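Undergrad: What follows is the file start-v7.pdb, containing PDB, C-alpha atoms (C1' of nucleotides):
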```pdb
MODEL        1
ATOM      1  CA  MET A1097    -166.661  14.617-123.794
ATOM      2  CA  SER A1098    -169.710  16.872-124.195
ATOM      3  CA  ASP A1099    -171.601  14.407-121.986
ATOM      4  CA  LEU A1100    -168.992  15.183-119.331
ATOM      5  CA  LEU A1101    -169.712  18.889-119.688
ATOM      6  CA  GLU A1102    -173.458  18.262-119.495
ATOM      7  CA  ARG A1103    -172.971  16.094-116.447
ATOM      8  CA  LEU A1104    -171.010  18.849-114.738
ATOM      9  CA  ARG A1105    -173.546  21.467-115.696
ATOM     10  CA  GLY A1106    -176.177  19.328-113.977
ATOM     11  CA  ARG A1107    -174.049  19.533-110.876
ATOM     12  CA  GLY A1108    -174.069  23.304-110.917
ATOM     13  CA  TRP A1109    -170.826  23.796-112.824
ATOM     14  CA  ARG A1110    -170.987  27.034-114.769
ATOM     15  CA  LEU A1111    -170.027  26.241-118.333
ATOM     16  CA  THR A1112    -167.458  28.783-119.453
ATOM     17  CA  SER A1113    -165.331  28.742-122.600
ATOM     18  CA  GLN A1114    -162.222  28.305-120.427
ATOM     19  CA  ARG A1115    -163.547  25.190-118.717
ATOM     20  CA  ARG A1116    -164.682  23.813-122.022
ATOM     21  CA  ALA A1117    -161.156  24.293-123.429
ATOM     22  CA  VAL A1118    -159.581  22.489-120.452
ATOM     23  CA  ALA A1119    -162.048  19.615-120.695
ATOM     24  CA  GLU A1120    -161.439  19.253-124.431
ATOM     25  CA  VAL A1121    -157.681  19.019-123.915
ATOM     26  CA  LEU A1122    -158.200  16.145-121.499
ATOM     27  CA  GLU A1123    -159.681  13.681-123.937
ATOM     28  CA  GLY A1124    -158.534  10.197-124.813
ATOM     29  CA  ASP A1125    -156.683   7.226-123.361
ATOM     30  CA  HIS A1126    -153.171   7.292-121.956
ATOM     31  CA  VAL A1127    -153.370  11.073-121.605
ATOM     32  CA  HIS A1128    -151.231  12.255-118.686
ATOM     33  CA  LEU A1129    -150.484  15.939-119.091
ATOM     34  CA  THR A1130    -148.968  18.339-116.580
ATOM     35  CA  ALA A1131    -150.871  21.510-115.705
ATOM     36  CA  ASP A1132    -148.504  23.517-117.902
ATOM     37  CA  GLU A1133    -149.030  21.160-120.836
ATOM     38  CA  VAL A1134    -152.785  21.453-120.377
ATOM     39  CA  HIS A1135    -152.374  25.212-120.310
ATOM     40  CA  ALA A1136    -150.269  25.234-123.490
ATOM     41  CA  ARG A1137    -152.873  23.173-125.358
ATOM     42  CA  ALA A1138    -155.767  25.162-123.970
ATOM     43  CA  VAL A1139    -154.095  28.373-125.161
ATOM     44  CA  ALA A1140    -154.134  26.937-128.692
ATOM     45  CA  ARG A1141    -157.936  26.876-128.465
ATOM     46  CA  LEU A1142    -158.471  29.970-126.377
ATOM     47  CA  PRO A1143    -155.429  32.248-126.516
ATOM     48  CA  GLU A1144    -156.308  34.393-123.510
ATOM     49  CA  ILE A1145    -156.839  31.609-120.959
ATOM     50  CA  SER A1146    -154.685  32.061-117.857
ATOM     51  CA  ARG A1147    -152.601  29.587-115.928
ATOM     52  CA  ALA A1148    -154.613  30.254-112.756
ATOM     53  CA  THR A1149    -157.843  29.283-114.500
ATOM     54  CA  VAL A1150    -156.318  26.039-115.742
ATOM     55  CA  TYR A1151    -155.225  25.202-112.189
ATOM     56  CA  ASN A1152    -158.697  26.055-110.904
ATOM     57  CA  ALA A1153    -160.463  23.922-113.506
ATOM     58  CA  LEU A1154    -158.135  20.966-112.960
ATOM     59  CA  GLY A1155    -158.600  21.187-109.200
ATOM     60  CA  GLU A1156    -162.378  21.222-109.602
ATOM     61  CA  LEU A1157    -162.400  18.299-112.012
ATOM     62  CA  VAL A1158    -160.318  16.348-109.506
ATOM     63  CA  SER A1159    -162.705  17.147-106.620
ATOM     64  CA  LEU A1160    -165.655  16.180-108.791
ATOM     65  CA  GLY A1161    -163.975  12.833-109.462
ATOM     66  CA  GLU A1162    -163.839  13.391-113.218
ATOM     67  CA  ILE A1163    -160.058  13.271-113.548
ATOM     68  CA  LEU A1164    -157.212  11.827-111.453
ATOM     69  CA  GLU A1165    -154.088  13.485-110.151
ATOM     70  CA  VAL A1166    -150.992  11.355-110.660
ATOM     71  CA  SER A1167    -147.456  12.084-109.542
ATOM     72  CA  THR A1168    -145.067   9.643-111.117
ATOM     73  CA  ASP A1169    -141.865  11.607-110.574
ATOM     74  CA  GLY A1170    -141.150  14.174-107.888
ATOM     75  CA  ARG A1171    -141.904  16.930-110.384
ATOM     76  CA  ALA A1172    -145.147  18.325-111.772
ATOM     77  CA  LYS A1173    -148.400  16.473-111.157
ATOM     78  CA  ARG A1174    -150.112  14.936-114.155
ATOM     79  CA  TYR A1175    -153.837  14.775-114.864
ATOM     80  CA  ASP A1176    -155.482  11.580-116.051
ATOM     81  CA  PRO A1177    -158.961  11.749-117.596
ATOM     82  CA  ASN A1178    -159.426   7.985-117.194
ATOM     83  CA  ALA A1179    -161.123   8.237-113.797
ATOM     84  CA  HIS A1180    -163.959   5.812-114.434
ATOM     85  CA  ARG A1181    -162.073   2.545-114.714
ATOM     86  CA  ALA A1182    -159.689   1.497-111.922
ATOM     87  CA  HIS A1183    -156.142   1.244-113.222
ATOM     88  CA  GLN A1184    -152.485   1.655-112.363
ATOM     89  CA  HIS A1185    -149.552   3.283-114.167
ATOM     90  CA  LEU A1186    -146.532   2.044-116.076
ATOM     91  CA  VAL A1187    -143.819   4.692-116.398
ATOM     92  CA  CYS A1188    -140.777   4.668-118.674
ATOM     93  CA  SER A1189    -137.645   5.588-116.723
ATOM     94  CA  GLY A1190    -136.093   6.848-119.949
ATOM     95  CA  CYS A1191    -138.589   9.260-121.462
ATOM     96  CA  GLY A1192    -141.250   9.521-118.774
ATOM     97  CA  THR A1193    -144.087   8.148-120.935
ATOM     98  CA  VAL A1194    -147.023   6.932-118.852
ATOM     99  CA  ARG A1195    -149.427   4.129-119.824
ATOM    100  CA  ASP A1196    -152.565   3.044-118.016
ATOM    101  CA  VAL A1197    -152.382  -0.649-117.071
ATOM    102  CA  HIS A1198    -154.702  -3.164-115.437
ATOM    103  CA  PRO A1199    -152.954  -5.650-113.130
ATOM    104  CA  GLU A1200    -154.716  -8.868-112.139
ATOM    105  CA  GLY A1201    -156.310  -9.238-108.736
ATOM    106  CA  ASP A1202    -156.905  -6.744-105.954
ATOM    107  CA  PRO A1203    -153.671  -5.016-104.938
ATOM    108  CA  MET A1204    -154.971  -4.453-101.404
ATOM    109  CA  ALA A1205    -155.380  -8.187-100.858
ATOM    110  CA  ALA A1206    -151.588  -8.634-100.877
ATOM    111  CA  LEU A1207    -151.205  -6.725 -97.619
ATOM    112  CA  PRO A1208    -151.646  -9.113 -94.668
ATOM    113  CA  SER A1209    -153.529  -7.691 -91.702
ATOM    114  CA  ALA A1210    -150.398  -8.031 -89.569
ATOM    115  CA  GLU A1211    -148.857  -5.495 -91.935
ATOM    116  CA  ARG A1212    -151.721  -3.010 -91.678
ATOM    117  CA  PHE A1213    -150.796  -1.506 -88.294
ATOM    118  CA  GLY A1214    -154.472  -0.977 -87.459
ATOM    119  CA  PHE A1215    -155.037   1.199 -90.530
ATOM    120  CA  THR A1216    -158.359   1.141 -92.398
ATOM    121  CA  LEU A1217    -157.258   0.612 -95.999
ATOM    122  CA  THR A1218    -158.956   2.695 -98.670
ATOM    123  CA  GLY A1219    -156.832   2.103-101.749
ATOM    124  CA  ALA A1220    -153.532   1.203-103.324
ATOM    125  CA  GLU A1221    -151.629   2.979-106.076
ATOM    126  CA  ILE A1222    -149.056   1.056-108.059
ATOM    127  CA  THR A1223    -146.391   2.609-110.241
ATOM    128  CA  TYR A1224    -144.654   0.048-112.434
ATOM    129  CA  ARG A1225    -141.278   1.239-113.711
ATOM    130  CA  GLY A1226    -139.388   0.073-116.755
ATOM    131  CA  LEU A1227    -138.097   1.014-120.170
ATOM    132  CA  CYS A1228    -140.418   1.456-123.108
ATOM    133  CA  PRO A1229    -139.544  -0.161-126.472
ATOM    134  CA  ASP A1230    -138.081   3.122-127.761
ATOM    135  CA  CYS A1231    -135.821   3.520-124.719
ATOM    136  CA  SER A1232    -134.744  -0.131-124.394
ATOM    137  CA  PRO A1233    -131.080  -0.724-125.305
ATOM    138  CA  GLY A1234    -130.448  -2.973-128.295
TER     139      GLY A1234
ATOM    140  CA  MET B 582    -125.042   3.633 -88.297
ATOM    141  CA  SER B 583    -121.275   4.068 -87.890
ATOM    142  CA  ASP B 584    -120.845   0.993 -90.094
ATOM    143  CA  LEU B 585    -122.722   2.938 -92.757
ATOM    144  CA  LEU B 586    -120.257   5.804 -92.399
ATOM    145  CA  GLU B 587    -117.299   3.400 -92.569
ATOM    146  CA  ARG B 588    -118.801   1.755 -95.615
ATOM    147  CA  LEU B 589    -119.128   5.089 -97.349
ATOM    148  CA  ARG B 590    -115.612   6.120 -96.372
ATOM    149  CA  GLY B 591    -114.383   2.947 -98.059
ATOM    150  CA  ARG B 592    -116.147   4.170-101.182
ATOM    151  CA  GLY B 593    -114.236   7.443-101.136
ATOM    152  CA  TRP B 594    -116.814   9.468 -99.247
ATOM    153  CA  ARG B 595    -115.074  12.211 -97.278
ATOM    154  CA  LEU B 596    -116.350  11.997 -93.730
ATOM    155  CA  THR B 597    -117.330  15.488 -92.619
ATOM    156  CA  SER B 598    -119.212  16.501 -89.488
ATOM    157  CA  GLN B 599    -122.098  17.675 -91.682
ATOM    158  CA  ARG B 600    -122.499  14.317 -93.392
ATOM    159  CA  ARG B 601    -122.215  12.579 -90.066
ATOM    160  CA  ALA B 602    -125.036  14.752 -88.708
ATOM    161  CA  VAL B 603    -127.287  13.965 -91.672
ATOM    162  CA  ALA B 604    -126.575  10.236 -91.417
ATOM    163  CA  GLU B 605    -127.322  10.246 -87.686
ATOM    164  CA  VAL B 606    -130.690  11.921 -88.230
ATOM    165  CA  LEU B 607    -131.640   9.154 -90.664
ATOM    166  CA  GLU B 608    -131.577   6.288 -88.207
ATOM    167  CA  GLY B 609    -134.321   3.848 -87.337
ATOM    168  CA  ASP B 610    -137.376   2.177 -88.797
ATOM    169  CA  HIS B 611    -140.390   3.957 -90.257
ATOM    170  CA  VAL B 612    -138.341   7.146 -90.585
ATOM    171  CA  HIS B 613    -139.606   9.226 -93.517
ATOM    172  CA  LEU B 614    -138.435  12.796 -93.115
ATOM    173  CA  THR B 615    -138.545  15.625 -95.658
ATOM    174  CA  ALA B 616    -135.316  17.424 -96.507
ATOM    175  CA  ASP B 617    -136.382  20.354 -94.333
ATOM    176  CA  GLU B 618    -137.116  18.061 -91.399
ATOM    177  CA  VAL B 619    -133.722  16.436 -91.825
ATOM    178  CA  HIS B 620    -132.192  19.910 -91.894
ATOM    179  CA  ALA B 621    -134.031  20.986 -88.730
ATOM    180  CA  ARG B 622    -132.818  17.916 -86.839
ATOM    181  CA  ALA B 623    -129.295  18.199 -88.199
ATOM    182  CA  VAL B 624    -129.163  21.816 -87.027
ATOM    183  CA  ALA B 625    -129.864  20.578 -83.494
ATOM    184  CA  ARG B 626    -126.596  18.631 -83.680
ATOM    185  CA  LEU B 627    -124.570  21.037 -85.774
ATOM    186  CA  PRO B 628    -126.087  24.534 -85.663
ATOM    187  CA  GLU B 629    -124.213  25.927 -88.672
ATOM    188  CA  ILE B 630    -125.134  23.232 -91.207
ATOM    189  CA  SER B 631    -126.770  24.678 -94.316
ATOM    190  CA  ARG B 632    -129.787  23.576 -96.263
ATOM    191  CA  ALA B 633    -127.684  23.133 -99.426
ATOM    192  CA  THR B 634    -125.405  20.690 -97.651
ATOM    193  CA  VAL B 635    -128.330  18.645 -96.424
ATOM    194  CA  TYR B 636    -129.680  18.449 -99.980
ATOM    195  CA  ASN B 637    -126.226  17.454-101.245
ATOM    196  CA  ALA B 638    -125.770  14.739 -98.638
ATOM    197  CA  LEU B 639    -129.256  13.331 -99.186
ATOM    198  CA  GLY B 640    -128.703  13.259-102.949
ATOM    199  CA  GLU B 641    -125.413  11.405-102.533
ATOM    200  CA  LEU B 642    -126.870   8.886-100.104
ATOM    201  CA  VAL B 643    -129.628   8.214-102.625
ATOM    202  CA  SER B 644    -127.131   7.702-105.498
ATOM    203  CA  LEU B 645    -125.080   5.407-103.314
ATOM    204  CA  GLY B 646    -128.195   3.362-102.662
ATOM    205  CA  GLU B 647    -128.067   3.912 -98.908
ATOM    206  CA  ILE B 648    -131.413   5.699 -98.602
ATOM    207  CA  LEU B 649    -134.587   5.848-100.694
ATOM    208  CA  GLU B 650    -136.464   8.831-102.029
ATOM    209  CA  VAL B 651    -140.210   8.537-101.539
ATOM    210  CA  SER B 652    -142.930  10.910-102.675
ATOM    211  CA  THR B 653    -146.223   9.980-101.110
ATOM    212  CA  ASP B 654    -148.033  13.268-101.670
ATOM    213  CA  GLY B 655    -147.377  15.816-104.383
ATOM    214  CA  ARG B 656    -145.336  17.863-101.909
ATOM    215  CA  ALA B 657    -141.839  17.492-100.483
ATOM    216  CA  LYS B 658    -139.931  14.250-101.066
ATOM    217  CA  ARG B 659    -139.225  12.075 -98.055
ATOM    218  CA  TYR B 660    -136.079  10.090 -97.331
ATOM    219  CA  ASP B 661    -136.246   6.508 -96.125
ATOM    220  CA  PRO B 662    -133.132   4.949 -94.552
ATOM    221  CA  ASN B 663    -134.593   1.450 -94.953
ATOM    222  CA  ALA B 664    -132.965   0.810 -98.351
ATOM    223  CA  HIS B 665    -131.735  -2.708 -97.690
ATOM    224  CA  ARG B 666    -134.996  -4.588 -97.423
ATOM    225  CA  ALA B 667    -137.551  -4.325-100.225
ATOM    226  CA  HIS B 668    -140.759  -2.801 -98.940
ATOM    227  CA  GLN B 669    -143.743  -0.652 -99.808
ATOM    228  CA  HIS B 670    -145.490   2.226 -98.028
ATOM    229  CA  LEU B 671    -148.716   2.665 -96.130
ATOM    230  CA  VAL B 672    -149.765   6.301 -95.817
ATOM    231  CA  CYS B 673    -152.419   7.808 -93.542
ATOM    232  CA  SER B 674    -154.683  10.149 -95.500
ATOM    233  CA  GLY B 675    -155.416  12.017 -92.280
ATOM    234  CA  CYS B 676    -152.047  12.889 -90.768
ATOM    235  CA  GLY B 677    -149.602  11.791 -93.449
ATOM    236  CA  THR B 678    -147.828   9.197 -91.285
ATOM    237  CA  VAL B 679    -145.877   6.669 -93.372
ATOM    238  CA  ARG B 680    -145.194   3.055 -92.383
ATOM    239  CA  ASP B 681    -142.994   0.550 -94.172
ATOM    240  CA  VAL B 682    -144.984  -2.555 -95.123
ATOM    241  CA  HIS B 683    -144.204  -5.893 -96.746
ATOM    242  CA  PRO B 684    -146.956  -7.211 -99.038
ATOM    243  CA  GLU B 685    -147.018 -10.886-100.022
ATOM    244  CA  GLY B 686    -145.814 -12.001-103.444
ATOM    245  CA  ASP B 687    -144.069 -10.133-106.216
ATOM    246  CA  PRO B 688    -146.033  -7.031-107.235
ATOM    247  CA  MET B 689    -144.620  -7.214-110.783
ATOM    248  CA  ALA B 690    -146.110 -10.675-111.313
ATOM    249  CA  ALA B 691    -149.619  -9.174-111.290
ATOM    250  CA  LEU B 692    -149.017  -7.333-114.558
ATOM    251  CA  PRO B 693    -149.832  -9.639-117.505
ATOM    252  CA  SER B 694    -147.495  -9.345-120.474
ATOM    253  CA  ALA B 695    -150.372  -8.100-122.625
ATOM    254  CA  GLU B 696    -150.470  -5.123-120.260
ATOM    255  CA  ARG B 697    -146.758  -4.370-120.511
ATOM    256  CA  PHE B 698    -146.798  -2.620-123.902
ATOM    257  CA  GLY B 699    -143.345  -3.991-124.734
ATOM    258  CA  PHE B 700    -141.770  -2.372-121.675
ATOM    259  CA  THR B 701    -138.915  -4.060-119.810
ATOM    260  CA  LEU B 702    -140.149  -3.951-116.205
ATOM    261  CA  THR B 703    -137.626  -2.969-113.546
ATOM    262  CA  GLY B 704    -139.743  -2.432-110.464
ATOM    263  CA  ALA B 705    -143.060  -1.573-108.878
ATOM    264  CA  GLU B 706    -143.837   0.921-106.130
ATOM    265  CA  ILE B 707    -147.023   0.532-104.145
ATOM    266  CA  THR B 708    -148.566   3.203-101.973
ATOM    267  CA  TYR B 709    -151.343   1.850 -99.774
ATOM    268  CA  ARG B 710    -153.682   4.549 -98.494
ATOM    269  CA  GLY B 711    -155.901   4.490 -95.469
ATOM    270  CA  LEU B 712    -156.566   5.957 -92.046
ATOM    271  CA  CYS B 713    -154.311   5.201 -89.106
ATOM    272  CA  PRO B 714    -155.885   4.242 -85.750
ATOM    273  CA  ASP B 715    -155.519   7.826 -84.468
ATOM    274  CA  CYS B 716    -157.292   9.304 -87.495
ATOM    275  CA  SER B 717    -160.058   6.663 -87.804
ATOM    276  CA  PRO B 718    -163.511   7.971 -86.876
ATOM    277  CA  GLY B 719    -165.204   6.348 -83.893
TER     278      GLY B 719
ATOM    279  C1'  DT C1480    -182.428  42.811-120.586
ATOM    280  C1'  DC C1481    -180.829  43.060-116.146
ATOM    281  C1'  DC C1482    -178.556  41.319-112.108
ATOM    282  C1'  DT C1483    -175.474  39.017-109.415
ATOM    283  C1'  DA C1484    -172.922  35.286-107.734
ATOM    284  C1'  DA C1485    -169.656  32.663-109.885
ATOM    285  C1'  DC C1486    -165.799  32.759-112.708
ATOM    286  C1'  DT C1487    -161.370  34.640-114.721
ATOM    287  C1'  DT C1488    -157.233  37.349-114.713
ATOM    288  C1'  DG C1489    -152.297  38.738-113.989
ATOM    289  C1'  DG C1490    -149.238  39.440-110.772
ATOM    290  C1'  DA C1491    -147.299  38.733-106.358
ATOM    291  C1'  DC C1492    -146.247  35.199-103.400
ATOM    292  C1'  DT C1493    -144.800  30.538-101.293
ATOM    293  C1'  DC C1494    -142.591  26.271-101.082
ATOM    294  C1'  DA C1495    -139.278  22.784-102.533
ATOM    295  C1'  DG C1496    -135.292  22.341-104.654
ATOM    296  C1'  DT C1497    -130.987  23.686-107.588
ATOM    297  C1'  DC C1498    -126.896  26.349-108.724
ATOM    298  C1'  DC C1499    -122.776  28.909-107.969
ATOM    299  C1'  DA C1500    -118.496  31.441-106.637
ATOM    300  C1'  DA C1501    -115.892  31.887-102.647
ATOM    301  C1'  DG C1502    -114.220  30.010 -98.483
ATOM    302  C1'  DT C1503    -113.032  25.826 -95.557
ATOM    303  C1'  DC C1504    -111.131  21.499 -94.214
ATOM    304  C1'  DA C1505    -110.380  15.979 -94.339
ATOM    305  C1'  DA C1506    -107.143  13.052 -95.441
ATOM    306  C1'  DC C1507    -103.020  11.827 -97.514
ATOM    307  C1'  DA C1508     -97.830  12.580 -98.098
ATOM    308  C1'  DC C1509     -93.960  13.858 -95.976
TER     309       DC C1509
ATOM    310  C1'  DG D 607     -96.731  17.538 -86.704
ATOM    311  C1'  DT D 608     -97.128  20.479 -91.167
ATOM    312  C1'  DG D 609     -98.341  21.341 -95.807
ATOM    313  C1'  DT D 610    -101.119  20.650 -99.793
ATOM    314  C1'  DT D 611    -104.982  20.073-102.458
ATOM    315  C1'  DG D 612    -109.176  18.752-104.258
ATOM    316  C1'  DA D 613    -113.441  17.670-102.225
ATOM    317  C1'  DC D 614    -116.810  19.714 -99.363
ATOM    318  C1'  DT D 615    -119.646  23.554 -97.384
ATOM    319  C1'  DT D 616    -121.858  27.986 -97.407
ATOM    320  C1'  DG D 617    -125.459  31.613 -98.129
ATOM    321  C1'  DG D 618    -127.732  33.768-101.381
ATOM    322  C1'  DA D 619    -129.717  34.077-105.839
ATOM    323  C1'  DC D 620    -132.405  31.545-108.803
ATOM    324  C1'  DT D 621    -136.043  28.199-110.898
ATOM    325  C1'  DG D 622    -140.307  25.519-111.345
ATOM    326  C1'  DA D 623    -144.659  24.282-109.690
ATOM    327  C1'  DG D 624    -148.376  25.813-107.556
ATOM    328  C1'  DT D 625    -151.441  29.112-104.568
ATOM    329  C1'  DC D 626    -153.641  33.447-103.434
ATOM    330  C1'  DC D 627    -155.950  37.692-104.149
ATOM    331  C1'  DA D 628    -158.331  42.035-105.481
ATOM    332  C1'  DA D 629    -160.370  43.755-109.467
ATOM    333  C1'  DG D 630    -162.788  42.953-113.673
ATOM    334  C1'  DT D 631    -165.946  39.959-116.537
ATOM    335  C1'  DT D 632    -169.785  36.959-117.626
ATOM    336  C1'  DA D 633    -173.241  32.764-117.580
ATOM    337  C1'  DG D 634    -177.542  31.979-116.945
ATOM    338  C1'  DG D 635    -181.802  32.579-114.070
ATOM    339  C1'  DA D 636    -185.564  36.163-113.146
TER     340       DA D 636
ENDMDL
END
```
Give the structure from the file, written as structure tokens.

TA:
Amino acid sequence: MSDLLERLRGRGWRLTSQRRAVAEVLEGDHVHLTADEVHARAVARLPEISRATVYNALGELVSLGEILEVSTDGRAKRYDPNAHRAHQHLVCSGCGTVRDVHPEGDPMAALPSAERFGFTLTGAEITYRGLCPDCSPG
Amino acid sequence: MSDLLERLRGRGWRLTSQRRAVAEVLEGDHVHLTADEVHARAVARLPEISRATVYNALGELVSLGEILEVSTDGRAKRYDPNAHRAHQHLVCSGCGTVRDVHPEGDPMAALPSAERFGFTLTGAEITYRGLCPDCSPG
DNA sequence: TCCTAACTTGGACTCAGTCCAAGTCAACAC
DNA sequence: GTGTTGACTTGGACTGAGTCCAAGTTAGGA
């Protein structure tokens, strides 16, 4: 992750302890934390970090294309550090767990031009829903 | 739409003027209003209807499977009366317009079992993003 | 080591939505 | 029709997620 921080510094990002704490929290695969969860974990590293700063840092990382904003339920947005490989999400309807998944083919190709209403397509987001092994009955 | 109201009455839904107003607002294709927009239009028919009642009625219509809840941006949920034909959504990144679209094939089929992590799949929601003709440059 | 623009802070604020006790009324029975 | 009653509606208070802002702090170049 320190290469991420270096990369951002090269783009004029001032490297503060708060931003470092936020970036460190957002490490790994299948990480999909809400802003409040990020804040709670950042506080463990840097007790005086404020909620506003976490929101600022997350917003900047999103604009810089380093993390993705995902909203899988109507509630809080989640932040996904896996921004460098195209993927979709599989969400458990029981416990809310989110996994990154890689469907076959180009999702945009399935939309015939007659169904595009003159739009210029830029992307497609897929949310697969189901029950994870822990939440499956039986 | 009156067949919808009759259908609901048969299911024990008490038919009040407020619920009638909400149901009437939610008529037509490509209708994707927020709760506040539904409230504003319902007030035009029934000036004393309250926001709480609109939320109640929308929630019940969703549970009864008569309308769909859609969240295309992280903001207010939208309500889609087109619950009886499977479809996906195409959203303009410029103005937020939402169209119902019908992609080819079964979206779930694109997810290989190795990518299902033991989940039992129940559905897939696709949000296509792009620019509508009015928002396209040039 | 100094300087300053960029960053951080806490608190007030907004927006979307939920909850609740009190009042109202649709629909059924007569 | 009239009465009854439980379901429905109401407005206002409340919550959760997120934004905004003026004042204070600090990273990093000179």

Undergrad: Which residues are close to DG630 (chain D), i.e. within 12 Å by only C-alpha atoms (C1' of nucleotides), leaving aside same-chain residues fewer than 5 positions away? Reply as an mmCIF file with C-alpha atoms (C1' of nucleotides), in the coordinates of the input.

TA:
```
data_model
loop_
_atom_site.group_PDB
_atom_site.id
_atom_site.type_symbol
_atom_site.label_atom_id
_atom_site.label_comp_id
_atom_site.auth_asym_id
_atom_site.auth_seq_id
_atom_site.Cartn_x
_atom_site.Cartn_y
_atom_site.Cartn_z
ATOM 1 C "C1'" DC C 1486 -165.799 32.759 -112.708
ATOM 2 C "C1'" DT C 1487 -161.370 34.640 -114.721
ATOM 3 C "C1'" DT C 1488 -157.233 37.349 -114.713
ATOM 4 C "C1'" DG C 1489 -152.297 38.738 -113.989
#
```

Undergrad: Sort by chain and increasing residue number a table of all residues of chain A within 10 Å of chain C, each with its closest pair of atoms and their distance in Å to one decimal, counting all atoms listed in the file, and write it as JSON lines.

TA:
```
{"residue": "A:Trp1109", "atom": "CA", "partner": "C:DA1485", "partner_atom": "C1'", "distance": 9.4}
{"residue": "A:Arg1110", "atom": "CA", "partner": "C:DA1485", "partner_atom": "C1'", "distance": 7.6}
{"residue": "A:Leu1111", "atom": "CA", "partner": "C:DC1486", "partner_atom": "C1'", "distance": 9.6}
{"residue": "A:Thr1112", "atom": "CA", "partner": "C:DC1486", "partner_atom": "C1'", "distance": 8.0}
{"residue": "A:Gln1114", "atom": "CA", "partner": "C:DT1487", "partner_atom": "C1'", "distance": 8.6}
{"residue": "A:Arg1115", "atom": "CA", "partner": "C:DC1486", "partner_atom": "C1'", "distance": 9.9}
{"residue": "A:Glu1144", "atom": "CA", "partner": "C:DT1488", "partner_atom": "C1'", "distance": 9.3}
{"residue": "A:Ile1145", "atom": "CA", "partner": "C:DT1487", "partner_atom": "C1'", "distance": 8.3}
{"residue": "A:Ser1146", "atom": "CA", "partner": "C:DT1488", "partner_atom": "C1'", "distance": 6.7}
{"residue": "A:Arg1147", "atom": "CA", "partner": "C:DT1488", "partner_atom": "C1'", "distance": 9.1}
{"residue": "A:Ala1148", "atom": "CA", "partner": "C:DT1488", "partner_atom": "C1'", "distance": 7.8}
{"residue": "A:Thr1149", "atom": "CA", "partner": "C:DT1487", "partner_atom": "C1'", "distance": 6.4}
{"residue": "A:Asn1152", "atom": "CA", "partner": "C:DT1487", "partner_atom": "C1'", "distance": 9.8}
```

Undergrad: Each residue of chain D with at least one atom at most 9 Å from chain A should appear once, together with its nearest atom pair and the corresponding distance in Å (one decimal); atoms considered: all atoms listed in the file; ordering: chain, then increasing residue number; output as JSON lines.

TA:
```
{"residue": "D:DG622", "atom": "C1'", "partner": "A:Ala1172", "partner_atom": "CA", "distance": 8.7}
{"residue": "D:DA623", "atom": "C1'", "partner": "A:Ala1172", "partner_atom": "CA", "distance": 6.3}
{"residue": "D:DG624", "atom": "C1'", "partner": "A:Tyr1151", "partner_atom": "CA", "distance": 8.3}
{"residue": "D:DT625", "atom": "C1'", "partner": "A:Ala1148", "partner_atom": "CA", "distance": 8.9}
{"residue": "D:DT632", "atom": "C1'", "partner": "A:Thr1112", "partner_atom": "CA", "distance": 8.7}
{"residue": "D:DA633", "atom": "C1'", "partner": "A:Arg1110", "partner_atom": "CA", "distance": 6.8}
{"residue": "D:DG634", "atom": "C1'", "partner": "A:Arg1110", "partner_atom": "CA", "distance": 8.5}
```

Undergrad: Could you please determine the separation between CA of Pro1203 (chain A) and CA of Pro688 (chain B) in Å, to one decimal place?

TA: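 Going from CA of Pro1203 (chain A) over to CA of Pro688 (chain B), I get 8.2 Å.
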
Undergrad: Set the distance at 10 Å and use only C-alpha atoms (C1' of nucleotides): which residues neighbour His613 (chain B) once local chain neighbours fewer than 5 positions away are removed? I'd like the list as a PyMOL selection string.

TA: chain B and resi 607+618-619+649-652+658-663+678-681

Undergrad: Can you tell me how far CA of Ser674 (chain B) sits from CA of Arg710 (chain B), in Å to one decimal?

TA: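 Going from CA of Ser674 (chain B) over to CA of Arg710 (chain B), I get 6.4 Å.
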
Undergrad: Mind giving me the axis-aligned box for region 609-622 of chain B with 8 Å on every side, centre plus edges in Å to one decimal, as lines of an AutoDock Vina configuration file?

TA:
```
center_x = -136.3
center_y = 11.6
center_z = -91.7
size_x = 24.2
size_y = 34.8
size_z = 25.7
```

Undergrad: How many Å lie between CA of Glu641 (chain B) and C1' of DC620 (chain D), rounded to one decimal?

TA: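 Between CA of Glu641 (chain B) and C1' of DC620 (chain D) the gap works out to 22.2 Å.
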
Undergrad: Report as an mmCIF file with C-alpha atoms, in the frame of the given file the full result of the PyMOL selection byres ((chain B and resi 606) around 7) when it is applied to this structure.

TA:
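Just written: result.cif:
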```
data_model
loop_
_atom_site.group_PDB
_atom_site.id
_atom_site.type_symbol
_atom_site.label_atom_id
_atom_site.label_comp_id
_atom_site.auth_asym_id
_atom_site.auth_seq_id
_atom_site.Cartn_x
_atom_site.Cartn_y
_atom_site.Cartn_z
ATOM 1 C CA ALA B 602 -125.036 14.752 -88.708
ATOM 2 C CA VAL B 603 -127.287 13.965 -91.672
ATOM 3 C CA ALA B 604 -126.575 10.236 -91.417
ATOM 4 C CA GLU B 605 -127.322 10.246 -87.686
ATOM 5 C CA LEU B 607 -131.640 9.154 -90.664
ATOM 6 C CA GLU B 608 -131.577 6.288 -88.207
ATOM 7 C CA VAL B 619 -133.722 16.436 -91.825
ATOM 8 C CA ARG B 622 -132.818 17.916 -86.839
ATOM 9 C CA ALA B 623 -129.295 18.199 -88.199
#
```
